[in-house]
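What follows is the content of my_file37.cif, which has mmCIF, N, CA and C atoms:
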data_entry
loop_
_atom_site.group_PDB
_atom_site.id
_atom_site.type_symbol
_atom_site.label_atom_id
_atom_site.label_comp_id
_atom_site.auth_asym_id
_atom_site.auth_seq_id
_atom_site.Cartn_x
_atom_site.Cartn_y
_atom_site.Cartn_z
ATOM 1 N N MET A 1 120.084 94.745 85.469
ATOM 2 C CA MET A 1 119.217 95.870 85.780
ATOM 3 C C MET A 1 119.285 96.176 87.280
ATOM 4 N N ARG A 2 119.400 97.413 87.605
ATOM 5 C CA ARG A 2 119.519 97.860 88.989
ATOM 6 C C ARG A 2 118.150 97.849 89.657
ATOM 7 N N SER A 3 118.123 97.360 90.886
ATOM 8 C CA SER A 3 116.880 97.367 91.651
ATOM 9 C C SER A 3 116.478 98.805 91.966
ATOM 10 N N GLN A 4 115.203 99.063 91.987
ATOM 11 C CA GLN A 4 114.716 100.411 92.283
ATOM 12 C C GLN A 4 114.962 100.803 93.732
ATOM 13 N N TYR A 5 115.280 99.835 94.577
ATOM 14 C CA TYR A 5 115.462 100.116 95.994
ATOM 15 C C TYR A 5 116.907 100.435 96.365
ATOM 16 N N LEU A 6 117.862 100.024 95.539
ATOM 17 C CA LEU A 6 119.262 100.302 95.831
ATOM 18 C C LEU A 6 119.568 101.765 95.549
ATOM 19 N N VAL A 7 120.572 102.280 96.221
ATOM 20 C CA VAL A 7 120.899 103.687 96.099
ATOM 21 C C VAL A 7 122.411 103.821 95.920
ATOM 22 N N TYR A 8 122.813 104.806 95.128
ATOM 23 C CA TYR A 8 124.225 105.116 94.974
ATOM 24 C C TYR A 8 124.673 105.982 96.147
ATOM 25 N N CYS A 9 125.937 105.834 96.528
ATOM 26 C CA CYS A 9 126.474 106.602 97.656
ATOM 27 C C CYS A 9 126.332 108.112 97.430
ATOM 28 N N GLY A 10 126.465 108.563 96.198
ATOM 29 C CA GLY A 10 126.353 109.988 95.904
ATOM 30 C C GLY A 10 124.964 110.549 96.121
ATOM 31 N N GLU A 11 123.954 109.692 96.186
ATOM 32 C CA GLU A 11 122.576 110.124 96.415
ATOM 33 C C GLU A 11 122.233 110.172 97.901
ATOM 34 N N CYS A 12 123.148 109.731 98.746
ATOM 35 C CA CYS A 12 122.864 109.559 100.166
ATOM 36 C C CYS A 12 123.401 110.726 100.988
ATOM 37 N N CYS A 13 122.645 111.111 101.993
ATOM 38 C CA CYS A 13 123.048 112.205 102.877
ATOM 39 C C CYS A 13 124.145 111.782 103.843
ATOM 40 N N PHE A 14 124.475 110.513 103.913
ATOM 41 C CA PHE A 14 125.513 110.035 104.827
ATOM 42 C C PHE A 14 126.898 109.984 104.188
ATOM 43 N N LEU A 15 127.024 110.325 102.896
ATOM 44 C CA LEU A 15 128.337 110.440 102.265
ATOM 45 C C LEU A 15 128.882 111.817 102.606
ATOM 46 N N LEU A 16 129.962 111.847 103.381
ATOM 47 C CA LEU A 16 130.504 113.094 103.890
ATOM 48 C C LEU A 16 131.887 113.386 103.314
ATOM 49 N N ASN A 17 132.250 114.647 103.321
ATOM 50 C CA ASN A 17 133.565 115.111 102.882
ATOM 51 C C ASN A 17 133.913 114.640 101.471
ATOM 52 N N GLU A 18 132.944 114.741 100.576
ATOM 53 C CA GLU A 18 133.155 114.309 99.191
ATOM 54 C C GLU A 18 134.106 115.281 98.502
ATOM 55 N N ASP A 19 135.127 114.743 97.837
ATOM 56 C CA ASP A 19 136.087 115.587 97.131
ATOM 57 C C ASP A 19 135.683 115.740 95.669
ATOM 58 N N ILE A 20 136.517 116.367 94.893
ATOM 59 C CA ILE A 20 136.208 116.657 93.490
ATOM 60 C C ILE A 20 136.101 115.384 92.648
ATOM 61 N N ASN A 21 136.724 114.288 93.118
ATOM 62 C CA ASN A 21 136.678 113.015 92.398
ATOM 63 C C ASN A 21 135.507 112.133 92.825
ATOM 64 N N GLY A 22 134.700 112.618 93.751
ATOM 65 C CA GLY A 22 133.543 111.851 94.205
ATOM 66 C C GLY A 22 133.851 110.910 95.347
ATOM 67 N N ASN A 23 135.017 111.008 95.941
ATOM 68 C CA ASN A 23 135.395 110.147 97.055
ATOM 69 C C ASN A 23 135.046 110.826 98.370
ATOM 70 N N GLY A 24 134.517 110.043 99.276
ATOM 71 C CA GLY A 24 134.158 110.576 100.583
ATOM 72 C C GLY A 24 134.068 109.454 101.592
ATOM 73 N N GLY A 25 133.500 109.726 102.729
ATOM 74 C CA GLY A 25 133.358 108.726 103.775
ATOM 75 C C GLY A 25 131.913 108.520 104.146
ATOM 76 N N CYS A 26 131.568 107.273 104.400
ATOM 77 C CA CYS A 26 130.203 106.942 104.802
ATOM 78 C C CYS A 26 130.095 107.024 106.321
ATOM 79 N N ALA A 27 129.203 107.861 106.811
ATOM 80 C CA ALA A 27 129.024 108.033 108.252
ATOM 81 C C ALA A 27 128.425 106.792 108.904
ATOM 82 N N LEU A 28 127.820 105.912 108.120
ATOM 83 C CA LEU A 28 127.213 104.710 108.686
ATOM 84 C C LEU A 28 128.160 103.521 108.656
ATOM 85 N N GLN A 29 129.286 103.669 107.978
ATOM 86 C CA GLN A 29 130.282 102.596 107.922
ATOM 87 C C GLN A 29 131.603 103.088 108.501
ATOM 88 N N ASP A 30 131.516 103.925 109.518
ATOM 89 C CA ASP A 30 132.681 104.460 110.211
ATOM 90 C C ASP A 30 133.637 105.150 109.241
ATOM 91 N N TYR A 31 133.082 105.924 108.329
ATOM 92 C CA TYR A 31 133.820 106.771 107.394
ATOM 93 C C TYR A 31 134.753 105.982 106.479
ATOM 94 N N VAL A 32 134.355 104.780 106.130
ATOM 95 C CA VAL A 32 135.112 103.992 105.158
ATOM 96 C C VAL A 32 135.065 104.711 103.825
ATOM 97 N N GLY A 33 136.175 104.717 103.117
ATOM 98 C CA GLY A 33 136.240 105.396 101.828
ATOM 99 C C GLY A 33 135.218 104.865 100.842
ATOM 100 N N ARG A 34 134.437 105.754 100.292
ATOM 101 C CA ARG A 34 133.403 105.401 99.310
ATOM 102 C C ARG A 34 133.514 106.352 98.136
ATOM 103 N N ASN A 35 132.967 105.944 97.013
ATOM 104 C CA ASN A 35 132.877 106.799 95.842
ATOM 105 C C ASN A 35 131.411 107.001 95.542
ATOM 106 N N CYS A 36 131.071 108.189 95.052
ATOM 107 C CA CYS A 36 129.656 108.510 94.834
ATOM 108 C C CYS A 36 129.005 107.610 93.782
ATOM 109 N N SER A 37 129.803 106.934 92.952
ATOM 110 C CA SER A 37 129.228 106.078 91.915
ATOM 111 C C SER A 37 129.039 104.633 92.376
ATOM 112 N N GLU A 38 129.403 104.314 93.615
ATOM 113 C CA GLU A 38 129.244 102.958 94.139
ATOM 114 C C GLU A 38 127.837 102.757 94.688
ATOM 115 N N LEU A 39 127.345 101.526 94.575
ATOM 116 C CA LEU A 39 126.063 101.188 95.184
ATOM 117 C C LEU A 39 126.233 101.007 96.684
ATOM 118 N N CYS A 40 125.237 101.395 97.430
ATOM 119 C CA CYS A 40 125.262 101.245 98.883
ATOM 120 C C CYS A 40 125.340 99.762 99.229
ATOM 121 N N ASP A 41 126.237 99.427 100.136
ATOM 122 C CA ASP A 41 126.366 98.027 100.550
ATOM 123 C C ASP A 41 126.329 97.902 102.077
ATOM 124 N N LEU A 42 125.426 98.631 102.698
ATOM 125 C CA LEU A 42 125.286 98.561 104.152
ATOM 126 C C LEU A 42 124.905 97.148 104.569
ATOM 127 N N ASP A 43 125.578 96.661 105.591
ATOM 128 C CA ASP A 43 125.263 95.355 106.165
ATOM 129 C C ASP A 43 124.727 95.595 107.569
ATOM 130 N N HIS A 44 123.443 95.353 107.761
ATOM 131 C CA HIS A 44 122.833 95.664 109.054
ATOM 132 C C HIS A 44 123.456 94.860 110.195
ATOM 133 N N ALA A 45 123.946 93.671 109.916
ATOM 134 C CA ALA A 45 124.533 92.838 110.963
ATOM 135 C C ALA A 45 125.934 93.308 111.355
ATOM 136 N N ALA A 46 126.606 94.027 110.475
ATOM 137 C CA ALA A 46 127.971 94.473 110.748
ATOM 138 C C ALA A 46 128.041 95.929 111.191
ATOM 139 N N MET A 47 126.920 96.618 111.226
ATOM 140 C CA MET A 47 126.921 98.038 111.575
ATOM 141 C C MET A 47 127.233 98.204 113.062
ATOM 142 N N ARG A 48 128.202 99.050 113.354
ATOM 143 C CA ARG A 48 128.572 99.301 114.739
ATOM 144 C C ARG A 48 127.502 100.135 115.437
ATOM 145 N N LYS A 49 127.449 99.986 116.773
ATOM 146 C CA LYS A 49 126.417 100.650 117.559
ATOM 147 C C LYS A 49 126.475 102.169 117.402
ATOM 148 N N ASP A 50 127.672 102.764 117.445
ATOM 149 C CA ASP A 50 127.770 104.218 117.342
ATOM 150 C C ASP A 50 127.349 104.721 115.962
ATOM 151 N N CYS A 51 127.646 103.958 114.916
ATOM 152 C CA CYS A 51 127.204 104.346 113.566
ATOM 153 C C CYS A 51 125.686 104.226 113.439
ATOM 154 N N LEU A 52 125.125 103.179 114.038
ATOM 155 C CA LEU A 52 123.674 103.002 114.038
ATOM 156 C C LEU A 52 122.986 104.150 114.764
ATOM 157 N N LEU A 53 123.516 104.518 115.920
ATOM 158 C CA LEU A 53 122.932 105.631 116.669
ATOM 159 C C LEU A 53 123.032 106.939 115.900
ATOM 160 N N ARG A 54 124.149 107.160 115.219
ATOM 161 C CA ARG A 54 124.320 108.365 114.401
ATOM 162 C C ARG A 54 123.257 108.413 113.305
ATOM 163 N N GLY A 55 123.027 107.278 112.656
ATOM 164 C CA GLY A 55 122.030 107.214 111.591
ATOM 165 C C GLY A 55 120.616 107.416 112.098
ATOM 166 N N LEU A 56 120.275 106.773 113.219
ATOM 167 C CA LEU A 56 118.933 106.928 113.785
ATOM 168 C C LEU A 56 118.696 108.346 114.287
ATOM 169 N N HIS A 57 119.724 108.962 114.865
ATOM 170 C CA HIS A 57 119.603 110.343 115.325
ATOM 171 C C HIS A 57 119.336 111.272 114.138
ATOM 172 N N TYR A 58 120.062 111.075 113.041
ATOM 173 C CA TYR A 58 119.851 111.899 111.849
ATOM 174 C C TYR A 58 118.436 111.684 111.308
ATOM 175 N N LEU A 59 117.999 110.429 111.274
ATOM 176 C CA LEU A 59 116.654 110.116 110.775
ATOM 177 C C LEU A 59 115.593 110.823 111.606
ATOM 178 N N GLN A 60 115.749 110.820 112.920
ATOM 179 C CA GLN A 60 114.798 111.496 113.793
ATOM 180 C C GLN A 60 114.839 113.011 113.572
ATOM 181 N N LYS A 61 116.052 113.555 113.391
ATOM 182 C CA LYS A 61 116.184 114.994 113.143
ATOM 183 C C LYS A 61 115.482 115.368 111.832
ATOM 184 N N TRP A 62 115.640 114.538 110.790
ATOM 185 C CA TRP A 62 114.972 114.817 109.509
ATOM 186 C C TRP A 62 113.453 114.739 109.679
ATOM 187 N N ARG A 63 112.993 113.712 110.399
ATOM 188 C CA ARG A 63 111.558 113.487 110.553
ATOM 189 C C ARG A 63 110.874 114.632 111.276
ATOM 190 N N ARG A 64 111.549 115.242 112.232
ATOM 191 C CA ARG A 64 110.951 116.319 113.015
ATOM 192 C C ARG A 64 111.249 117.706 112.467
ATOM 193 N N SER A 65 112.045 117.791 111.427
ATOM 194 C CA SER A 65 112.477 119.084 110.907
ATOM 195 C C SER A 65 111.422 119.710 110.006
ATOM 196 N N ASN A 66 111.337 121.016 110.076
ATOM 197 C CA ASN A 66 110.487 121.774 109.157
ATOM 198 C C ASN A 66 111.324 122.460 108.090
ATOM 199 N N SER A 67 112.597 122.151 108.075
ATOM 200 C CA SER A 67 113.535 122.847 107.202
ATOM 201 C C SER A 67 113.952 121.960 106.026
ATOM 202 N N ASP A 68 114.313 122.594 104.933
ATOM 203 C CA ASP A 68 114.846 121.862 103.783
ATOM 204 C C ASP A 68 116.336 121.614 103.932
ATOM 205 N N LYS A 69 116.943 122.102 105.013
ATOM 206 C CA LYS A 69 118.378 121.938 105.225
ATOM 207 C C LYS A 69 118.743 120.496 105.574
ATOM 208 N N VAL A 70 117.829 119.767 106.208
ATOM 209 C CA VAL A 70 118.079 118.379 106.572
ATOM 210 C C VAL A 70 117.538 117.506 105.449
ATOM 211 N N LYS A 71 118.451 116.859 104.736
ATOM 212 C CA LYS A 71 118.095 116.071 103.557
ATOM 213 C C LYS A 71 117.510 114.717 103.965
ATOM 214 N N MET A 72 116.478 114.286 103.265
ATOM 215 C CA MET A 72 115.842 112.998 103.547
ATOM 216 C C MET A 72 116.787 111.847 103.204
ATOM 217 N N PRO A 73 116.971 110.902 104.138
ATOM 218 C CA PRO A 73 117.764 109.715 103.813
ATOM 219 C C PRO A 73 117.010 108.849 102.804
ATOM 220 N N PRO A 74 117.719 108.148 101.934
ATOM 221 C CA PRO A 74 117.045 107.253 100.987
ATOM 222 C C PRO A 74 116.275 106.152 101.721
ATOM 223 N N PRO A 75 115.110 105.758 101.229
ATOM 224 C CA PRO A 75 114.323 104.707 101.887
ATOM 225 C C PRO A 75 115.101 103.404 102.092
ATOM 226 N N TYR A 76 115.992 103.074 101.168
ATOM 227 C CA TYR A 76 116.822 101.871 101.303
ATOM 228 C C TYR A 76 117.671 101.958 102.570
ATOM 229 N N VAL A 77 118.269 103.105 102.824
ATOM 230 C CA VAL A 77 119.124 103.302 103.995
ATOM 231 C C VAL A 77 118.277 103.318 105.268
ATOM 232 N N VAL A 78 117.104 103.923 105.214
ATOM 233 C CA VAL A 78 116.198 103.920 106.373
ATOM 234 C C VAL A 78 115.856 102.478 106.747
ATOM 235 N N GLY A 79 115.566 101.653 105.754
ATOM 236 C CA GLY A 79 115.267 100.242 106.004
ATOM 237 C C GLY A 79 116.438 99.513 106.631
ATOM 238 N N LYS A 80 117.647 99.804 106.148
ATOM 239 C CA LYS A 80 118.845 99.175 106.713
ATOM 240 C C LYS A 80 119.069 99.613 108.157
ATOM 241 N N LEU A 81 118.795 100.890 108.471
ATOM 242 C CA LEU A 81 118.928 101.370 109.847
ATOM 243 C C LEU A 81 117.929 100.663 110.766
ATOM 244 N N ILE A 82 116.707 100.491 110.305
ATOM 245 C CA ILE A 82 115.686 99.801 111.105
ATOM 246 C C ILE A 82 116.080 98.340 111.296
ATOM 247 N N ASP A 83 116.554 97.688 110.230
ATOM 248 C CA ASP A 83 117.008 96.299 110.336
ATOM 249 C C ASP A 83 118.147 96.164 111.340
ATOM 250 N N ALA A 84 119.095 97.102 111.300
ATOM 251 C CA ALA A 84 120.236 97.055 112.218
ATOM 252 C C ALA A 84 119.789 97.259 113.659
ATOM 253 N N ALA A 85 118.839 98.171 113.877
ATOM 254 C CA ALA A 85 118.339 98.410 115.235
ATOM 255 C C ALA A 85 117.638 97.162 115.782
ATOM 256 N N ILE A 86 116.824 96.530 114.967
ATOM 257 C CA ILE A 86 116.142 95.302 115.384
ATOM 258 C C ILE A 86 117.159 94.205 115.671
ATOM 259 N N TYR A 87 118.158 94.091 114.813
ATOM 260 C CA TYR A 87 119.207 93.077 114.990
ATOM 261 C C TYR A 87 119.942 93.284 116.319
ATOM 262 N N LYS A 88 120.304 94.535 116.624
ATOM 263 C CA LYS A 88 121.023 94.837 117.873
ATOM 264 C C LYS A 88 120.138 94.578 119.089
ATOM 265 N N LEU A 89 118.858 94.940 119.013
ATOM 266 C CA LEU A 89 117.949 94.712 120.136
ATOM 267 C C LEU A 89 117.730 93.221 120.398
ATOM 268 N N ARG A 90 117.684 92.437 119.350
ATOM 269 C CA ARG A 90 117.497 90.996 119.528
ATOM 270 C C ARG A 90 118.716 90.330 120.148
ATOM 271 N N GLN A 91 119.876 90.954 120.017
ATOM 272 C CA GLN A 91 121.094 90.389 120.607
ATOM 273 C C GLN A 91 121.162 90.634 122.106
ATOM 274 N N MET A 92 120.342 91.527 122.623
ATOM 275 C CA MET A 92 120.387 91.858 124.064
ATOM 276 C C MET A 92 119.802 90.748 124.915
#

Could I get this structure in the form of C-alpha cells?
Amino acid sequence: MRSQYLVYCGECCFLLNEDINGNGGCALQDYVGRNCSELCDLDHAAMRKDCLLRGLHYLQKWRRSNSDKVKMPPPYVVGKLIDAAIYKLRQM
C-alpha cells in the first residue's frame, strides 16, 4: 500500500519538459530523467545547493502568489526541501 505522503513525479510541479511518454526532468535532481509514473525519491542529503535554492525560490513564489498559474508543490516535496535546507545549514 502506498503511503499517503508519497507523490508521483507526474503530480509534481518540478517535473519539467514532459514528453508524450511521460518522461521529463526533475528540477530538484538536476534534471535527471524521470517518468511521471515513478514515485518521488528525493534525498535531502544528496540535493545540490543550486537545486535546493531553485526549489525554495519556487516555494516562496507560490506562497506569495495570488495567481493560479503557480502550482502548489506537493507537501511531501515541501518537507524534503525544508529537510535539505536544515541539513545544509547544519553543515556550515

- prompt: Tell me, which residues of chain A carry DSSP alpha helix (DSSP H), written as a PyMOL selection string?
  reply: chain A and resi 49-64+75-91

Write a file of the selected residues as a tab-separated table (two decimals), in the coordinates of the input, keeping N, CA and C atoms.
chain	number	residue	atom	x	y	z
A	49	LYS	N	127.45	99.99	116.77
A	49	LYS	CA	126.42	100.65	117.56
A	49	LYS	C	126.48	102.17	117.40
A	50	ASP	N	127.67	102.76	117.44
A	50	ASP	CA	127.77	104.22	117.34
A	50	ASP	C	127.35	104.72	115.96
A	51	CYS	N	127.65	103.96	114.92
A	51	CYS	CA	127.20	104.35	113.57
A	51	CYS	C	125.69	104.23	113.44
A	52	LEU	N	125.12	103.18	114.04
A	52	LEU	CA	123.67	103.00	114.04
A	52	LEU	C	122.99	104.15	114.76
A	53	LEU	N	123.52	104.52	115.92
A	53	LEU	CA	122.93	105.63	116.67
A	53	LEU	C	123.03	106.94	115.90
A	54	ARG	N	124.15	107.16	115.22
A	54	ARG	CA	124.32	108.36	114.40
A	54	ARG	C	123.26	108.41	113.30
A	55	GLY	N	123.03	107.28	112.66
A	55	GLY	CA	122.03	107.21	111.59
A	55	GLY	C	120.62	107.42	112.10
A	56	LEU	N	120.28	106.77	113.22
A	56	LEU	CA	118.93	106.93	113.78
A	56	LEU	C	118.70	108.35	114.29
A	57	HIS	N	119.72	108.96	114.86
A	57	HIS	CA	119.60	110.34	115.32
A	57	HIS	C	119.34	111.27	114.14
A	58	TYR	N	120.06	111.08	113.04
A	58	TYR	CA	119.85	111.90	111.85
A	58	TYR	C	118.44	111.68	111.31
A	59	LEU	N	118.00	110.43	111.27
A	59	LEU	CA	116.65	110.12	110.78
A	59	LEU	C	115.59	110.82	111.61
A	60	GLN	N	115.75	110.82	112.92
A	60	GLN	CA	114.80	111.50	113.79
A	60	GLN	C	114.84	113.01	113.57
A	61	LYS	N	116.05	113.56	113.39
A	61	LYS	CA	116.18	114.99	113.14
A	61	LYS	C	115.48	115.37	111.83
A	62	TRP	N	115.64	114.54	110.79
A	62	TRP	CA	114.97	114.82	109.51
A	62	TRP	C	113.45	114.74	109.68
A	63	ARG	N	112.99	113.71	110.40
A	63	ARG	CA	111.56	113.49	110.55
A	63	ARG	C	110.87	114.63	111.28
A	64	ARG	N	111.55	115.24	112.23
A	64	ARG	CA	110.95	116.32	113.02
A	64	ARG	C	111.25	117.71	112.47
A	75	PRO	N	115.11	105.76	101.23
A	75	PRO	CA	114.32	104.71	101.89
A	75	PRO	C	115.10	103.40	102.09
A	76	TYR	N	115.99	103.07	101.17
A	76	TYR	CA	116.82	101.87	101.30
A	76	TYR	C	117.67	101.96	102.57
A	77	VAL	N	118.27	103.10	102.82
A	77	VAL	CA	119.12	103.30	104.00
A	77	VAL	C	118.28	103.32	105.27
A	78	VAL	N	117.10	103.92	105.21
A	78	VAL	CA	116.20	103.92	106.37
A	78	VAL	C	115.86	102.48	106.75
A	79	GLY	N	115.57	101.65	105.75
A	79	GLY	CA	115.27	100.24	106.00
A	79	GLY	C	116.44	99.51	106.63
A	80	LYS	N	117.65	99.80	106.15
A	80	LYS	CA	118.84	99.18	106.71
A	80	LYS	C	119.07	99.61	108.16
A	81	LEU	N	118.80	100.89	108.47
A	81	LEU	CA	118.93	101.37	109.85
A	81	LEU	C	117.93	100.66	110.77
A	82	ILE	N	116.71	100.49	110.30
A	82	ILE	CA	115.69	99.80	111.10
A	82	ILE	C	116.08	98.34	111.30
A	83	ASP	N	116.55	97.69	110.23
A	83	ASP	CA	117.01	96.30	110.34
A	83	ASP	C	118.15	96.16	111.34
A	84	ALA	N	119.10	97.10	111.30
A	84	ALA	CA	120.24	97.06	112.22
A	84	ALA	C	119.79	97.26	113.66
A	85	ALA	N	118.84	98.17	113.88
A	85	ALA	CA	118.34	98.41	115.24
A	85	ALA	C	117.64	97.16	115.78
A	86	ILE	N	116.82	96.53	114.97
A	86	ILE	CA	116.14	95.30	115.38
A	86	ILE	C	117.16	94.20	115.67
A	87	TYR	N	118.16	94.09	114.81
A	87	TYR	CA	119.21	93.08	114.99
A	87	TYR	C	119.94	93.28	116.32
A	88	LYS	N	120.30	94.54	116.62
A	88	LYS	CA	121.02	94.84	117.87
A	88	LYS	C	120.14	94.58	119.09
A	89	LEU	N	118.86	94.94	119.01
A	89	LEU	CA	117.95	94.71	120.14
A	89	LEU	C	117.73	93.22	120.40
A	90	ARG	N	117.68	92.44	119.35
A	90	ARG	CA	117.50	91.00	119.53
A	90	ARG	C	118.72	90.33	120.15
A	91	GLN	N	119.88	90.95	120.02
A	91	GLN	CA	121.09	90.39	120.61
A	91	GLN	C	121.16	90.63	122.11

- prompt: At what distance in Å, to one decimal, does CA of Leu39 (chain A) lie from CA of Leu6 (chain A)?
  reply: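 Between these atoms lies a distance of 6.9 Å.
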
task: Can you pull out every residue within 7 Å of region 74-88 of chain A, counting only N, CA and C atoms, but drop anything in the same chain fewer than 2 positions away, and send it as an MDAnalysis selection string?
output: chainID A and resid 5:7 11:13 42:45 47 52 55:56 71:72 90:92

message: Residue by residue, what does the PyMOL selection byres ((chain A and resi 28-35) around 8) grab here? Present the result as an NGL selection string.
response: :A and (8-11 or 14-16 or 21-27 or 36-39 or 42-43 or 46-48 or 50-52 or 54-55)

field: Distance in Å - CA of Lys49 (chain A) versus CA of Arg64 (chain A)
entry: 22.5 Å

Output, as AutoDock Vina command-line options, the centre and edge lengths in Å (one decimal) of the axis-aligned box that contains all listed atoms of region 74-84 of chain A with 3 Å of margin on each side.
--center_x 117.3 --center_y 102.2 --center_z 107.3 --size_x 11.9 --size_y 18.0 --size_z 18.7

task: In Å, rounded to a single decimal, give me how far atom N of Leu53 (chain A) is from atom C of Leu89 (chain A).
output: 13.5 Å

- prompt: If you run DSSP on the backbone, which residues of region 6-67 of chain A are strand (DSSP E), as an NGL selection string?
  reply: :A and (15-16 or 23-26 or 32-35)

Just save region 13-38 of chain A with N, CA and C atoms, as an mmCIF file, in the first residue's frame.
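That gives us result-v1.cif:
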data_model
loop_
_atom_site.group_PDB
_atom_site.id
_atom_site.type_symbol
_atom_site.label_atom_id
_atom_site.label_comp_id
_atom_site.auth_asym_id
_atom_site.auth_seq_id
_atom_site.Cartn_x
_atom_site.Cartn_y
_atom_site.Cartn_z
ATOM 1 N N CYS A 13 5.074 19.737 -9.570
ATOM 2 C CA CYS A 13 5.340 20.897 -10.421
ATOM 3 C C CYS A 13 6.803 20.980 -10.830
ATOM 4 N N PHE A 14 7.667 20.165 -10.270
ATOM 5 C CA PHE A 14 9.089 20.197 -10.608
ATOM 6 C C PHE A 14 9.461 19.233 -11.732
ATOM 7 N N LEU A 15 8.503 18.451 -12.252
ATOM 8 C CA LEU A 15 8.757 17.616 -13.424
ATOM 9 C C LEU A 15 8.600 18.499 -14.650
ATOM 10 N N LEU A 16 9.701 18.718 -15.363
ATOM 11 C CA LEU A 16 9.718 19.649 -16.477
ATOM 12 C C LEU A 16 9.960 18.936 -17.806
ATOM 13 N N ASN A 17 9.538 19.568 -18.874
ATOM 14 C CA ASN A 17 9.746 19.081 -20.237
ATOM 15 C C ASN A 17 9.237 17.654 -20.433
ATOM 16 N N GLU A 18 8.053 17.388 -19.907
ATOM 17 C CA GLU A 18 7.465 16.049 -20.020
ATOM 18 C C GLU A 18 7.052 15.804 -21.466
ATOM 19 N N ASP A 19 7.447 14.654 -22.011
ATOM 20 C CA ASP A 19 7.091 14.317 -23.387
ATOM 21 C C ASP A 19 5.818 13.478 -23.414
ATOM 22 N N ILE A 20 5.454 13.003 -24.568
ATOM 23 C CA ILE A 20 4.205 12.256 -24.744
ATOM 24 C C ILE A 20 4.222 10.921 -23.998
ATOM 25 N N ASN A 21 5.427 10.402 -23.705
ATOM 26 C CA ASN A 21 5.559 9.135 -22.985
ATOM 27 C C ASN A 21 5.631 9.317 -21.470
ATOM 28 N N GLY A 22 5.556 10.553 -21.012
ATOM 29 C CA GLY A 22 5.596 10.819 -19.577
ATOM 30 C C GLY A 22 6.995 10.988 -19.032
ATOM 31 N N ASN A 23 7.989 11.086 -19.882
ATOM 32 C CA ASN A 23 9.369 11.259 -19.445
ATOM 33 C C ASN A 23 9.710 12.740 -19.395
ATOM 34 N N GLY A 24 10.408 13.114 -18.352
ATOM 35 C CA GLY A 24 10.811 14.506 -18.203
ATOM 36 C C GLY A 24 11.991 14.604 -17.263
ATOM 37 N N GLY A 25 12.295 15.788 -16.818
ATOM 38 C CA GLY A 25 13.409 16.003 -15.911
ATOM 39 C C GLY A 25 12.955 16.639 -14.623
ATOM 40 N N CYS A 26 13.554 16.199 -13.534
ATOM 41 C CA CYS A 26 13.226 16.755 -12.224
ATOM 42 C C CYS A 26 14.134 17.949 -11.946
ATOM 43 N N ALA A 27 13.546 19.105 -11.717
ATOM 44 C CA ALA A 27 14.318 20.320 -11.454
ATOM 45 C C ALA A 27 15.037 20.259 -10.112
ATOM 46 N N LEU A 28 14.619 19.368 -9.226
ATOM 47 C CA LEU A 28 15.257 19.270 -7.916
ATOM 48 C C LEU A 28 16.357 18.221 -7.890
ATOM 49 N N GLN A 29 16.459 17.435 -8.948
ATOM 50 C CA GLN A 29 17.512 16.419 -9.038
ATOM 51 C C GLN A 29 18.386 16.688 -10.256
ATOM 52 N N ASP A 30 18.596 17.958 -10.552
ATOM 53 C CA ASP A 30 19.437 18.388 -11.661
ATOM 54 C C ASP A 30 18.980 17.769 -12.980
ATOM 55 N N TYR A 31 17.679 17.751 -13.194
ATOM 56 C CA TYR A 31 17.046 17.324 -14.440
ATOM 57 C C TYR A 31 17.352 15.872 -14.801
ATOM 58 N N VAL A 32 17.498 15.037 -13.797
ATOM 59 C CA VAL A 32 17.666 13.604 -14.034
ATOM 60 C C VAL A 32 16.396 13.075 -14.668
ATOM 61 N N GLY A 33 16.540 12.188 -15.630
ATOM 62 C CA GLY A 33 15.381 11.629 -16.317
ATOM 63 C C GLY A 33 14.423 10.939 -15.366
ATOM 64 N N ARG A 34 13.179 11.330 -15.423
ATOM 65 C CA ARG A 34 12.128 10.753 -14.576
ATOM 66 C C ARG A 34 10.934 10.424 -15.451
ATOM 67 N N ASN A 35 10.088 9.547 -14.960
ATOM 68 C CA ASN A 35 8.834 9.232 -15.621
ATOM 69 C C ASN A 35 7.717 9.628 -14.685
ATOM 70 N N CYS A 36 6.610 10.092 -15.254
ATOM 71 C CA CYS A 36 5.517 10.601 -14.418
ATOM 72 C C CYS A 36 4.905 9.518 -13.527
ATOM 73 N N SER A 37 5.136 8.241 -13.843
ATOM 74 C CA SER A 37 4.553 7.169 -13.035
ATOM 75 C C SER A 37 5.475 6.710 -11.907
ATOM 76 N N GLU A 38 6.661 7.301 -11.780
ATOM 77 C CA GLU A 38 7.597 6.930 -10.720
ATOM 78 C C GLU A 38 7.279 7.686 -9.436
#
